[in-house]
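Report on one structure; see the data block that follows.
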Amino acid sequence: MKTRRGQLISGSLFLVYMFRNFLYSVRYAHCCIAVIAFTSFLSAEEAPSNISMEPTSVAATSLPMADKDPPISHTQFTVPITSSDKNKTTHTMERTFIILKPDCLQNKHAGDVISRFESAGFFIIACKMTRLSDVVLREHYAHLAHLPFFSEIIDFMSSSPVILMILEGENCVAHVREILGATDSQAAAPGTIRKTYGTDKMRNIAHASDSPQNAKIEMRRFFKADEICNP
Ligand code: ADP
């Protein structure tokens, strides 16, 4: 009888001991969860909220060769990874070719037009003033050779000096075309360069490459390698 009571007491004590251990382990687990949650909260607070546009490296250290392939920049910009945009980590810069046409210079709009490009964030990496020959203009506007106004364009573009430029910046080709506006100055969107300073379909202030592929061809057509600078 005594032995049975002793067994009962020692069994109860063992159960109490096990229950106490269980309570300790639960409390320990709660502490761990609280610590993990707190550190996660702190790291979320420190996460950057917007894109940093500071250049981190410029890989193109030598002058790009205008007569070799490809005359493009390799400047990289860091873009912090956010939960909504995990695929975009870097943006590669583009270059585009610009002609400030005879009407732009004759009407003294060159400064304003260049200022628009710079205000939009683009860098001038090549620039020269020249008078274009018929030969180079026929090549440049070959896609319009079948149109009735072709010879008129050649005459207009060779009538007085122009300024040739290469601009560099993110999404440069499309963005410059956007701020330049439609071919017809009258029909161009309000606020665009052509709407503000242009006259008509032909006298529309400036040319800008219409694709990255054409930009490369045009840069090579009008600039030598040692005329292009890295900012
Ligand atoms: P964009 O210069 O907008 O790329 P296009 O390549 O079609 O346009 O034309 C090249 C240039 O030819 C124009 O910028 C403009 O000077 C001239 N041009 C285009 N269409 C006409 C037109 N219908 N009449 C007169 N000139 C034109």
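Ordering of the structure tokens sets the chain letters (A, B, ...), residue numbers begin anew at 1 in every chain, and ligands are numbered from 1 in the order given.
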Can you tell me which residues sit at most 6 Å away from ligand 1, counting only C-alpha atoms and all ligand atoms, written as a ChimeraX atom specification? /A:149,153,182-183,201-204,207
Write down as a PyMOL selection string the residues of range 108-215 of chain A whose backbone DSSP state falls under strand (DSSP E or B). chain A and resi 123-130+162-170+206-208
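For the set A:Leu105, A:Ala120, A:Ala126, A:Ala206, the residue with the smallest atom-to-atom gap to Lys224 in chain A is A:Ala126, counting only C-alpha atoms.
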Residues near Cys104 in chain A, anyone? I mean within 12 Å using only C-alpha atoms, not counting same-chain ones fewer than 6 positions away, as a VMD selection string. chain A and resid 110 to 114 156 to 157 160 to 164 193 to 194 196 to 199 202 to 207
Restricting it to N, CA and C atoms, dump the selection as a CSV table (one decimal), in the first residue's frame.
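Here's the written file selection_21.csv:
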```csv
chain,number,residue,atom,x,y,z
A,110,ALA,N,18.9,77.9,-80.7
A,110,ALA,CA,19.8,76.9,-80.4
A,110,ALA,C,20.0,76.8,-78.8
A,111,GLY,N,20.2,77.9,-78.2
A,111,GLY,CA,20.4,77.9,-76.8
A,111,GLY,C,19.2,77.3,-76.0
A,112,ASP,N,18.0,77.8,-76.4
A,112,ASP,CA,16.8,77.3,-75.7
A,112,ASP,C,16.6,75.8,-75.9
A,113,VAL,N,16.9,75.3,-77.2
A,113,VAL,CA,16.7,73.9,-77.4
A,113,VAL,C,17.7,73.0,-76.7
A,114,ILE,N,18.9,73.5,-76.7
A,114,ILE,CA,20.0,72.7,-75.9
A,114,ILE,C,19.6,72.7,-74.4
A,156,PHE,N,16.8,72.7,-98.1
A,156,PHE,CA,16.7,73.4,-96.8
A,156,PHE,C,17.8,73.0,-95.8
A,157,MET,N,18.1,71.7,-95.7
A,157,MET,CA,19.1,71.3,-94.7
A,157,MET,C,20.5,71.7,-95.1
A,160,SER,N,22.1,76.5,-94.8
A,160,SER,CA,23.0,77.2,-93.8
A,160,SER,C,23.5,76.2,-92.8
A,161,PRO,N,24.5,76.7,-91.9
A,161,PRO,CA,25.1,75.7,-91.0
A,161,PRO,C,24.1,75.1,-90.0
A,162,VAL,N,24.4,74.0,-89.5
A,162,VAL,CA,23.6,73.3,-88.5
A,162,VAL,C,24.6,72.9,-87.3
A,163,ILE,N,24.0,72.5,-86.2
A,163,ILE,CA,24.8,72.0,-85.1
A,163,ILE,C,24.4,70.5,-84.9
A,164,LEU,N,25.5,69.7,-84.9
A,164,LEU,CA,25.3,68.2,-84.7
A,164,LEU,C,25.7,67.9,-83.3
A,193,ILE,N,9.3,70.9,-78.2
A,193,ILE,CA,10.2,71.8,-78.8
A,193,ILE,C,9.7,72.3,-80.2
A,194,ARG,N,9.2,71.3,-81.0
A,194,ARG,CA,8.8,71.7,-82.3
A,194,ARG,C,7.5,72.6,-82.3
A,196,THR,N,6.8,74.6,-79.9
A,196,THR,CA,7.2,76.0,-79.4
A,196,THR,C,8.0,76.8,-80.4
A,197,TYR,N,8.9,76.1,-81.1
A,197,TYR,CA,9.8,76.9,-82.0
A,197,TYR,C,9.7,76.6,-83.5
A,198,GLY,N,9.0,75.5,-83.8
A,198,GLY,CA,9.0,75.1,-85.2
A,198,GLY,C,7.9,75.9,-86.0
A,199,THR,N,8.0,75.8,-87.4
A,199,THR,CA,7.1,76.5,-88.3
A,199,THR,C,6.1,75.6,-89.0
A,202,MET,N,8.4,70.9,-92.6
A,202,MET,CA,9.8,70.9,-92.9
A,202,MET,C,10.7,71.7,-91.9
A,203,ARG,N,10.3,72.9,-91.6
A,203,ARG,CA,11.1,73.7,-90.7
A,203,ARG,C,10.6,73.4,-89.3
A,204,ASN,N,11.2,72.3,-88.8
A,204,ASN,CA,10.8,71.8,-87.5
A,204,ASN,C,11.9,71.7,-86.5
A,205,ILE,N,12.9,72.6,-86.6
A,205,ILE,CA,13.9,72.9,-85.6
A,205,ILE,C,15.0,71.8,-85.4
A,206,ALA,N,14.6,70.6,-85.2
A,206,ALA,CA,15.7,69.6,-84.9
A,206,ALA,C,15.3,68.2,-85.4
A,207,HIS,N,16.4,67.5,-85.7
A,207,HIS,CA,16.3,66.0,-86.0
A,207,HIS,C,16.7,65.3,-84.7
```
If you count only C-alpha atoms, which residues fall within 7 Å of Met219 in chain A, apart from same-chain ones fewer than 3 positions away, as a PyMOL selection string? chain A and resi 66+97+215-216+222-223
Mind writing the picked residues with C-alpha atoms as a PDB file, in the first residue's frame?
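And here's selection_1.pdb as it stands now:
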```pdb
ATOM      1  CA  ALA A  66      32.244  56.129 -83.957  1.00  0.00           C
ATOM      2  CA  PHE A  97      21.987  61.810 -82.541  1.00  0.00           C
ATOM      3  CA  ALA A 215      21.129  56.371 -83.551  1.00  0.00           C
ATOM      4  CA  LYS A 216      24.219  54.154 -83.902  1.00  0.00           C
ATOM      5  CA  PHE A 222      28.379  62.277 -88.632  1.00  0.00           C
ATOM      6  CA  PHE A 223      31.056  61.822 -85.931  1.00  0.00           C
TER       7      PHE A 223
END
```
Considering only helix (DSSP H, G or I) as DSSP defines it on the backbone, what residues of range 144-203 of chain A qualify? List them as a ChimeraX atom specification. /A:144,150-157,172-180,193-197
Polymer residues at most 9 Å from Ala174 in chain A, only C-alpha atoms, same-chain spacing of 6 or more positions, as a CSV table (one decimal) with N, CA and C atoms, in the first residue's frame:
```csv
chain,number,residue,atom,x,y,z
A,209,SER,N,17.3,60.9,-83.6
A,209,SER,CA,17.2,59.5,-84.1
A,209,SER,C,15.9,58.9,-83.6
A,210,ASP,N,15.3,58.1,-84.5
A,210,ASP,CA,14.0,57.5,-84.1
A,210,ASP,C,14.1,56.1,-83.5
A,211,SER,N,15.3,55.5,-83.4
A,211,SER,CA,15.5,54.2,-82.8
A,211,SER,C,17.0,54.1,-82.3
A,212,PRO,N,17.3,53.2,-81.4
A,212,PRO,CA,18.7,53.0,-80.9
A,212,PRO,C,19.5,52.5,-82.1
```
